[in-house]
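Written out below as structure tokens is the structure these notes cover.
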Amino acid sequence: MTGRIADLRSELADLCKRVDRRVQIMEVCGTHTVSIFRSGLRSMLPSNLRLISGPGCPVCVTAQRHIDAAIELASRPGVVVATYGDMMRVPGKLGSLEAKRAEGALIRVVNSARTALDLARREPDRPVVFLAVGFETTAPATAATVLEAERDGLQNFSVLMCHKLVVPAMLALLAGEDAAIDGFLCPGHVSVIIGSDAYQPIVSKHAKPCVVAGFEPEQILEGLRAILEQLGAGRAELGNAYRAAVTDAGNRVALELLERVFVPADAPWRALGVIPDSGLDLAAPFERFDALARFEVTLGTDEDHPECLCGEVIQGKAEPVECPSFGNACTPLEPIGPCMVSSEGTCAAWYKYNRPSATTAGPAGAKEARA
Amino acid sequence: MCLAVPGKVMERDGDQAVVDLQGNRLTVSTMLTPEAGPGDWVLIHAGFAITQLEEKDALETWEYLQAVCGDAIGEAPEFDPPTQANEEQK
């Protein structure tokens with residue numbers, strides 16, 4: 001495998017020489033970000049190739065108003081909030097779910113929407129709200145669970161819909177004037193569901209190469225090579241360097257399920273604002289499972305920490321070390337922004353893995369990052 | 001959060017299957033992979049099998065996961081297989 005990596009590095013070097021300009025490729029997915037840092041891939045890349053981390057960590061893009069709503073729901077007497085563990089420490093206006101749990105709120109960490117449903121089944125007198133976050137990889141699990149709740153007539157189960165869709169966010173990034181993105185390394189496991197053809201609008205409307213890749217270093221290099229090949233030849237096409245798991249059309253059963261249970265809806269993204277049709281709401285036949293309506297909770301506004309640069313970081317406009325809080329006031333132990341909370345957040349990955357680069361680039365935070 | 005891990009289907013009963021994740025057995029939904037049967041490999045995410053995989057690719061992925069996480073697979077949140085059974089004990 002190492003030999004293959006060496007070959008790919010040399011191919012990348014040749015391709016980058018041929019392109020002969022600075023190339024910026026966005027890895028959209030948080031799992032890619034972690035793998036890139038863990039393997040030290042950044043330091044192996046040609047000097048004119050820069051990877052920028054995109055908005056592909058569901059925790060990092062969840063708007064504060066949704067965290068606040070989850071905390072408000074957890075404040076209602078007897079209500080159980082079930083959440084993926086990643087969300088526990090994300091700070092909202094009223095603190096985090098973790099802090100709320102320490103105060104005695106009924107908050108349960110689950111690894112599947114079905115576990116939340118089982119909680120509801122076991123205690124029929126207790127309302128259970130599932131905090132439905134995640135991209136298209138995770139949304140079918142919520143859809144299946146809602147369908148099951150409907151089939152079994154469960155009265156005490158509801159969901160707080162925070163799911164997000166990847167392609168609309170990529171399009172929104174490109175619509176920004178200052179987006180200097182030459183191509184996208186597209187997420188592997190999101191694409192298992194949506195298929196590599198789903199990125200067609202980015203290729204057609206914006207002429208940016210979109211290549212799906214797996215998360216192993218070799219697979220990531222394969223993806224980068226495919227993007228650079230296109231850039232070198234002046235082409236912009238769909239590519240799939242993860243054929244082991246991803247097809248052109250995606251998982252048909254999962255897509256049908258999403259279409260049956262959900263409808264596209266405008267959704268608030270942290271720092272990106274509301275992006276049209278970038279989220280999911282429950283379709284009319286399943287509206288009774290909407291936690292906001294059931295408990296009459298209104299979404300508030302987002303007031304992110306004034307010093308926090310997470311918004312710029314997830315748009316690839318700033319690197320974590322440019323944030324005054326990075327490594328100082330904001331660390332994985334006491335995070336201020338979601339990119340430091342989530343293990344797949346760009347700031348957490350920098351903090352954990354990116355020490356050599358932090359020494360050169362970093363202002364205040366870099367020293368702490370090395371500690 | 002979008003990471004999925006490979007598991008081998010041991011037995012299937014309707015839309016549920018018992019899968020083996022390198023010795024760790026758990027029950028997952030196979031609703032999204034209607035064709036997966038005993039002996040097949042699937043990618044598992046949040047308690048659901050989301051696609052089928054060739055054995056060769058599944059084993060390669062495990063090899064990678066073990067190389068980067070070692071014994072700490074259960075400790076590294078980004079590579080934490082969805083151990084639904086553990087959750088239920090809580």
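Chain labels A, B, ... are given in the sequence in which chains occur in the structure tokens; within each chain residues are numbered consecutively from 1, and ligands are likewise numbered from 1 in the order shown.
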
Discussion item. I need the chain A residues near chain B as a ChimeraX atom specification; criterion: at most 8 Å, counting only C-alpha atoms.
Written reply: /A:30-31,57-58,86,109-115,134-135,137-138,141,189-190,192-193,216,244-245,251,253-254,343-344

Worksheet item: If we count only C-alpha atoms, what is near segment 36-48 of chain A at a cut-off of 7 Å, once residues fewer than 3 positions away on the same chain are taken out, given as a ChimeraX atom specification?
Response: /A:13,16,21-23,32-33,217,349,353-354

Worksheet item: How many Å lie between atom CA of Phe130 of chain A and atom CA of Ala82 of chain A, rounded to one decimal?
Response: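 The value is 4.8 Å.
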
Practice prompt. Report as a PyMOL selection string: the residues of segment 47-134 of chain A with a DSSP assignment of strand (DSSP E), based on the backbone of this structure.
Written response: chain A and resi 49-53+80-83+106-109+128-132

Fill in: 10 Å contact set for segment 143-156 of chain A, only C-alpha atoms, chain neighbours under 6 positions out, as an MDAnalysis selection string
(chainID A and resid 79 112:121 123:129 132 254 257:262 282 285:286 288:289) or (chainID B and resid 29 31:32 48)

Please produce a file of the residues just selected, as a tab-separated table (two decimals), in the first residue's frame, where the atoms kept are N, CA and C atoms.
```
chain	number	residue	atom	x	y	z
A	79	VAL	N	-39.65	15.21	29.69
A	79	VAL	CA	-39.27	14.95	28.30
A	79	VAL	C	-37.84	14.39	28.23
A	112	SER	N	-28.09	5.31	17.44
A	112	SER	CA	-28.99	5.09	16.31
A	112	SER	C	-30.35	5.68	16.65
A	113	ALA	N	-31.03	6.17	15.62
A	113	ALA	CA	-32.39	6.67	15.82
A	113	ALA	C	-33.28	5.56	16.37
A	114	ARG	N	-32.96	4.33	15.98
A	114	ARG	CA	-33.78	3.21	16.45
A	114	ARG	C	-33.67	3.01	17.95
A	115	THR	N	-32.52	3.34	18.51
A	115	THR	CA	-32.37	3.22	19.96
A	115	THR	C	-33.29	4.23	20.64
A	116	ALA	N	-33.40	5.43	20.04
A	116	ALA	CA	-34.30	6.44	20.58
A	116	ALA	C	-35.75	5.93	20.53
A	117	LEU	N	-36.08	5.27	19.43
A	117	LEU	CA	-37.43	4.72	19.29
A	117	LEU	C	-37.68	3.62	20.33
A	118	ASP	N	-36.67	2.81	20.57
A	118	ASP	CA	-36.80	1.76	21.59
A	118	ASP	C	-37.02	2.36	22.98
A	119	LEU	N	-36.35	3.49	23.24
A	119	LEU	CA	-36.58	4.18	24.53
A	119	LEU	C	-38.05	4.56	24.65
A	120	ALA	N	-38.59	5.09	23.55
A	120	ALA	CA	-40.00	5.52	23.55
A	120	ALA	C	-40.93	4.32	23.75
A	121	ARG	N	-40.54	3.21	23.15
A	121	ARG	CA	-41.36	2.01	23.26
A	121	ARG	C	-41.38	1.46	24.69
A	123	GLU	N	-40.88	3.10	27.44
A	123	GLU	CA	-41.56	3.96	28.43
A	123	GLU	C	-42.64	4.79	27.73
A	124	PRO	N	-43.77	4.15	27.45
A	124	PRO	CA	-44.81	4.80	26.63
A	124	PRO	C	-45.38	6.08	27.25
A	125	ASP	N	-45.19	6.26	28.56
A	125	ASP	CA	-45.74	7.46	29.19
A	125	ASP	C	-44.80	8.65	29.12
A	126	ARG	N	-43.61	8.41	28.62
A	126	ARG	CA	-42.60	9.47	28.64
A	126	ARG	C	-42.31	9.95	27.22
A	127	PRO	N	-42.48	11.25	26.94
A	127	PRO	CA	-42.19	11.73	25.59
A	127	PRO	C	-40.69	11.64	25.29
A	128	VAL	N	-40.34	11.10	24.13
A	128	VAL	CA	-38.94	11.00	23.71
A	128	VAL	C	-38.76	11.81	22.43
A	129	VAL	N	-37.84	12.76	22.47
A	129	VAL	CA	-37.54	13.58	21.29
A	129	VAL	C	-36.16	13.17	20.77
A	132	ALA	N	-32.46	14.93	15.44
A	132	ALA	CA	-32.11	14.34	14.14
A	132	ALA	C	-31.11	15.22	13.40
A	254	ALA	N	-32.90	3.91	-0.01
A	254	ALA	CA	-32.73	5.01	0.96
A	254	ALA	C	-33.29	6.31	0.39
A	257	LEU	N	-36.99	6.33	0.50
A	257	LEU	CA	-37.43	6.51	1.89
A	257	LEU	C	-37.38	7.99	2.27
A	258	LEU	N	-36.28	8.65	1.90
A	258	LEU	CA	-36.14	10.08	2.19
A	258	LEU	C	-37.27	10.86	1.53
A	259	GLU	N	-37.57	10.48	0.29
A	259	GLU	CA	-38.59	11.20	-0.45
A	259	GLU	C	-39.99	10.98	0.13
A	260	ARG	N	-40.18	9.80	0.69
A	260	ARG	CA	-41.50	9.47	1.24
A	260	ARG	C	-41.74	10.19	2.58
A	261	VAL	N	-40.73	10.25	3.42
A	261	VAL	CA	-40.93	10.74	4.79
A	261	VAL	C	-40.63	12.23	4.94
A	262	PHE	N	-39.73	12.74	4.10
A	262	PHE	CA	-39.29	14.14	4.24
A	262	PHE	C	-39.60	14.96	3.00
A	282	LEU	N	-40.40	17.13	7.90
A	282	LEU	CA	-41.27	15.96	7.77
A	282	LEU	C	-42.34	16.24	6.73
A	285	PRO	N	-47.80	13.71	5.82
A	285	PRO	CA	-48.37	12.58	6.57
A	285	PRO	C	-47.63	12.27	7.88
A	286	PHE	N	-46.44	12.87	8.05
A	286	PHE	CA	-45.65	12.55	9.24
A	286	PHE	C	-45.45	13.76	10.15
A	288	ARG	N	-47.02	14.96	12.47
A	288	ARG	CA	-47.30	14.84	13.91
A	288	ARG	C	-46.06	14.41	14.70
A	289	PHE	N	-45.01	14.01	14.00
A	289	PHE	CA	-43.78	13.63	14.70
A	289	PHE	C	-42.82	14.81	14.89
B	29	SER	N	-30.49	-2.67	11.24
B	29	SER	CA	-31.58	-2.71	10.26
B	29	SER	C	-30.99	-2.94	8.87
B	31	MET	N	-33.05	-2.71	6.25
B	31	MET	CA	-34.10	-2.16	5.42
B	31	MET	C	-33.57	-1.49	4.15
B	32	LEU	N	-32.38	-0.87	4.26
B	32	LEU	CA	-31.83	-0.14	3.11
B	32	LEU	C	-31.00	-1.05	2.19
B	48	PHE	N	-27.81	1.16	10.81
B	48	PHE	CA	-28.39	0.73	9.54
B	48	PHE	C	-27.29	0.27	8.58
```

Worksheet item: Gly239 of chain A: which residues within 8 Å, counting only C-alpha atoms, same-chain residues fewer than 3 positions away excluded, as a list of chain:residue names?
Response: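 Once the adjacent positions are removed, what remains is A:Ser196, A:Pro209, A:Cys210, A:Val211, A:Val212, A:Ala226.
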
Could you write out the selected residues, including C-alpha atoms, as a PDB file, in the first residue's frame?
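Below is the file again.pdb, written as the result:
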```pdb
ATOM      1  CA  SER A 196     -21.892  10.309  -7.479  1.00  0.00           C
ATOM      2  CA  PRO A 209     -14.546  18.807 -10.845  1.00  0.00           C
ATOM      3  CA  CYS A 210     -16.341  16.666  -8.239  1.00  0.00           C
ATOM      4  CA  VAL A 211     -14.723  13.374  -7.308  1.00  0.00           C
ATOM      5  CA  VAL A 212     -16.028  11.009  -4.641  1.00  0.00           C
ATOM      6  CA  ALA A 226      -8.490  12.507 -10.494  1.00  0.00           C
TER       7      ALA A 226
END
```

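Remark: for Val203 of chain A, the closest of the candidate residues A:Ala236, A:Leu174, A:Ala329, A:Leu292 is A:Ala236 (distances computed over only C-alpha atoms).
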